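Heads up: the structure comes next, in structure tokens.
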Amino acid sequence: MAENGREGGLSAPTRHPLNQNDPEFWDESALNKELERVYDICHGCRRCVSLCNAFPTLFDLVDESPTMEVDGVKVADYTKVVDQCYLCDLCYLTKCPYVPPHEWNVDFPHLMLRAKAVKFKKGETRFRDNLITSTDLIGKLASQPVLNTLVNAGNNNGTIRKLLDKSLGIHKDASLPTYSRKPARKQLANLAYDAMSAPARQTDDPVDRVTLFTTCYCNYNEPSIADSVVKILKHNNVVVDLAEREHCCGMPKLELGDLKAVTLLKERNIPALYAKVKQGNTIVAAVPSCVLMFKQELPLMFPDDEQVQAVAKAFNDPFEYLYKLHKQGKLNTEFKTSLGNVSYHVACHQRVQNIGPKTRQVLELIPDTTVHNIERCSGHDGTYGVKSETFEFANKIAKPIVRQIKEKSPDYYGSDCPVAGKHIENNLESDQKAIHPLDLLCIAYGL
Ligand code: SF4
Ligand code: SF4
């Protein structure tokens, strides 16, 4: 029997391009046929039941149908499964034995993405979802002087939050991010000069050159994380600069199925990043979802775009990059402060990058530091944790992480995904705040 016909074959999983330019991608009856085929395989397998709420939704639909098979589920109900998927990719990477090259060719997340794209094209997406995925627009507005005060005050005002819940469907108890008055790209504007002149201005003996993609979240909500990346890199004699322009990576719009917006954002971001790649720079970003977008999703959407492929190759998770420096003997390992016990949540979008436990490996270079990895989905996943209809599910998904942190009573806890870190913090109900691993590294270096 050919290896690619075997469950759990030895070949490495591969991912096929999304094929969004093929008319069949958008054909609803072809989509429903494929959903039925894959739902049927999942019904017979059920390995993913504990990963998220998409699979329990599917299995409940099947078990409550007249035939107790997928053919008994109403086609109109297929979307109930799709609506519970936030494209974390974990089912593809950690569970599914039927991913390509297996002949059953199951790519559950990308099938969900196709269904979301078709739904979006039909205009069935809520205004709220279009709004909260417009991270560039919201960030730009919410960092303006007067609006900044109003937005931050409104996000913490019970009456306004009840109104938002009723009118928009943003849960009144969901923690919304605070907006900074001075975005990271403004704070770090001195880095945005021609990289050719950078070495002399930052360090006399540079070991490498990195372009920081600040990300919407670090740019508008937590500029301190972008600042930590810069401090750490400079401390390691790495020249850092910013791309000339930066827009949202497109992941929020991808999760909504708005592929036109993803394409537009790609066209805005890639030329500026490619210019840095041509200069020999590595690119890093401190949010795993944004890194994954450039490393995996855009290359699968635009397989023939050479600039997209070159940017993907140059993109690194920050700890992946730091560990590479360490392997080359170039990482500064003179730490001033140990971290003790650290509970560290491994973000799904970092796990699926297949880079290994690089954050833990770097943090454990710090003397008297033990890192306890928690490999569970946090449940926040961008917008899932703030929507009124999914807020409770998001909290339920976070519970096993919260339990593990409580059991360990760590000196520090946090996640590479700052949004997941905040979500865990809110569910922990303690005064101890989540700290991003890059901030932990700054503490250890004494920066
Ligand atoms: S991609 Fe994530 S959220 Fe979507 S079905 Fe798979 S495990 Fe669930
Ligand atoms: S995605 Fe794969 S592993 Fe998960 S339930 Fe479906 S067939 Fe099974």
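Residues in the structure tokens are numbered from 1 in each chain, the chains being A, B, ... in the order shown, and ligands are numbered from 1 in the order shown.
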Residues within 12 Å of Leu264 (chain A), only C-alpha atoms, excluding chain neighbours under 4 positions, as a PDB file with N, CA and C atoms, in the first residue's frame:
ATOM      1  N   HIS A 247       1.133  48.053   7.384  1.00  0.00           N
ATOM      2  CA  HIS A 247      -0.316  47.935   7.561  1.00  0.00           C
ATOM      3  C   HIS A 247      -0.576  46.612   8.277  1.00  0.00           C
ATOM      4  N   CYS A 248      -1.830  46.387   8.632  1.00  0.00           N
ATOM      5  CA  CYS A 248      -2.195  45.112   9.261  1.00  0.00           C
ATOM      6  C   CYS A 248      -1.696  43.962   8.389  1.00  0.00           C
ATOM      7  N   CYS A 249      -1.255  42.885   9.027  1.00  0.00           N
ATOM      8  CA  CYS A 249      -0.751  41.730   8.267  1.00  0.00           C
ATOM      9  C   CYS A 249      -1.853  41.055   7.464  1.00  0.00           C
ATOM     10  N   GLY A 250      -3.107  41.250   7.877  1.00  0.00           N
ATOM     11  CA  GLY A 250      -4.242  40.656   7.153  1.00  0.00           C
ATOM     12  C   GLY A 250      -4.873  39.474   7.861  1.00  0.00           C
ATOM     13  N   LYS A 253      -8.599  39.861   8.809  1.00  0.00           N
ATOM     14  CA  LYS A 253      -9.477  39.807   7.628  1.00  0.00           C
ATOM     15  C   LYS A 253      -9.514  38.387   7.047  1.00  0.00           C
ATOM     16  N   LEU A 254      -8.402  37.665   7.156  1.00  0.00           N
ATOM     17  CA  LEU A 254      -8.387  36.277   6.695  1.00  0.00           C
ATOM     18  C   LEU A 254      -9.381  35.462   7.525  1.00  0.00           C
ATOM     19  N   ASP A 258     -12.494  37.689   4.353  1.00  0.00           N
ATOM     20  CA  ASP A 258     -12.449  38.827   3.434  1.00  0.00           C
ATOM     21  C   ASP A 258     -11.123  38.770   2.653  1.00  0.00           C
ATOM     22  N   LEU A 259     -11.097  37.947   1.625  1.00  0.00           N
ATOM     23  CA  LEU A 259      -9.841  37.713   0.901  1.00  0.00           C
ATOM     24  C   LEU A 259      -9.421  38.906   0.051  1.00  0.00           C
ATOM     25  N   LYS A 260     -10.403  39.751  -0.336  1.00  0.00           N
ATOM     26  CA  LYS A 260     -10.056  40.970  -1.077  1.00  0.00           C
ATOM     27  C   LYS A 260      -9.225  41.898  -0.196  1.00  0.00           C
ATOM     28  N   ARG A 268       0.029  46.251   0.002  1.00  0.00           N
ATOM     29  CA  ARG A 268       0.595  47.423   0.697  1.00  0.00           C
ATOM     30  C   ARG A 268       1.855  47.067   1.478  1.00  0.00           C
ATOM     31  N   ASN A 269       1.857  45.880   2.097  1.00  0.00           N
ATOM     32  CA  ASN A 269       2.969  45.520   2.981  1.00  0.00           C
ATOM     33  C   ASN A 269       4.191  44.952   2.264  1.00  0.00           C
ATOM     34  N   ILE A 270       3.915  44.077   1.300  1.00  0.00           N
ATOM     35  CA  ILE A 270       5.025  43.279   0.755  1.00  0.00           C
ATOM     36  C   ILE A 270       6.127  44.126   0.098  1.00  0.00           C
ATOM     37  N   LEU A 298       0.051  33.881   3.510  1.00  0.00           N
ATOM     38  CA  LEU A 298       0.237  34.630   2.259  1.00  0.00           C
ATOM     39  C   LEU A 298       0.939  33.774   1.197  1.00  0.00           C
TER      40      LEU A 298
END
Based on DSSP run over this structure's backbone, return all residues of region 99-246 of chain A in strand (DSSP E), as an MDAnalysis selection string. chainID A and resid 208:212 238:242
Env of Leu233 (chain A): 10 Å cut, atoms = only C-alpha atoms, seq-sep filter 4 positions within chain, self excluded. Answer as a PyMOL selection string. chain A and resi 207-210+227-229+237-240+318+321-322+331-332
Between A:His43, A:His16, A:Lys33, A:Lys406, which has the minimum distance to ligand 2 (counting only C-alpha atoms and all ligand atoms)?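 Distance minimum relative to ligand 2 lands on A:His43.
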Name the residues, by chain letter and number, that sit within 12 Å of ligand 1 using only C-alpha atoms and all ligand atoms, and give them as a PyMOL selection string. chain A and resi 38-39+42+46-58+80-96+106-113+115-116+255+347-349+351-352+376-382+384+393-394+397
Using only C-alpha atoms, which of the listed residues (A:Ile160, A:Leu363, A:Val262, A:Ala153) sits closest to Thr178 (chain A)? A:Ala153
Tell me which protein, DNA and RNA residues are within 12 Å of Asn156 (chain A), counting only C-alpha atoms, leaving out same-chain ones fewer than 3 positions away, and put them as a PDB file with C-alpha atoms, in the first residue's frame.
ATOM      1  CA  THR A 149      -9.272  59.287  26.009  1.00  0.00           C
ATOM      2  CA  LEU A 150     -12.858  58.631  24.922  1.00  0.00           C
ATOM      3  CA  VAL A 151     -12.187  55.112  23.577  1.00  0.00           C
ATOM      4  CA  ASN A 152     -10.169  53.992  26.594  1.00  0.00           C
ATOM      5  CA  ALA A 153     -12.717  55.447  29.027  1.00  0.00           C
ATOM      6  CA  THR A 159     -23.042  51.554  30.751  1.00  0.00           C
ATOM      7  CA  ILE A 160     -21.233  51.982  27.454  1.00  0.00           C
ATOM      8  CA  ARG A 161     -20.171  48.334  27.483  1.00  0.00           C
ATOM      9  CA  LYS A 162     -23.787  47.201  27.993  1.00  0.00           C
ATOM     10  CA  LEU A 164     -21.953  47.903  22.927  1.00  0.00           C
ATOM     11  CA  LYS A 172     -19.830  43.563  28.090  1.00  0.00           C
ATOM     12  CA  ASP A 173     -17.341  41.597  30.214  1.00  0.00           C
ATOM     13  CA  ALA A 174     -14.751  41.016  27.482  1.00  0.00           C
ATOM     14  CA  SER A 175     -11.526  42.838  28.156  1.00  0.00           C
ATOM     15  CA  LEU A 176     -10.830  45.261  25.317  1.00  0.00           C
ATOM     16  CA  PRO A 177      -7.284  46.473  24.680  1.00  0.00           C
ATOM     17  CA  THR A 178      -6.134  49.875  25.819  1.00  0.00           C
TER      18      THR A 178
END
Helix (DSSP H, G or I) call set, DSSP backbone run, region 301-435 of chain A, as JSON, numbers by chain: {"A": [301, 306, 307, 308, 309, 310, 311, 312, 313, 314, 318, 319, 320, 321, 322, 323, 324, 325, 326, 327, 348, 349, 350, 351, 358, 359, 360, 361, 362, 363, 391, 392, 393, 394, 395, 396, 397, 398, 399, 400, 401, 402, 403, 404, 405, 406, 407, 408, 418, 419, 420, 421, 422, 423, 424, 425, 426, 427, 428]}
If we count only C-alpha atoms, what is near Leu447 (chain A) at a cut-off of 9 Å, once residues fewer than 6 positions away on the same chain are taken out, given as an NGL selection string? :A and (228 or 231-232 or 235 or 441)
Which residues, written as a list in words, have at least one atom at most 9 Å from Lys422 (chain A), with only C-alpha atoms counted and residues fewer than 4 positions away on the same chain left out? Ser175, Pro177, Gly414, Ser415, Cys417, Pro418, Asn426, Asn427, Lys433, Ala434 and Ile435 of chain A
Atomic separation - CA of Thr370 (chain A) relative to CA of Asn341 (chain A), Å: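 Interatomic distance, CA of Asn341 (chain A) to CA of Thr370 (chain A): 4.9 Å.
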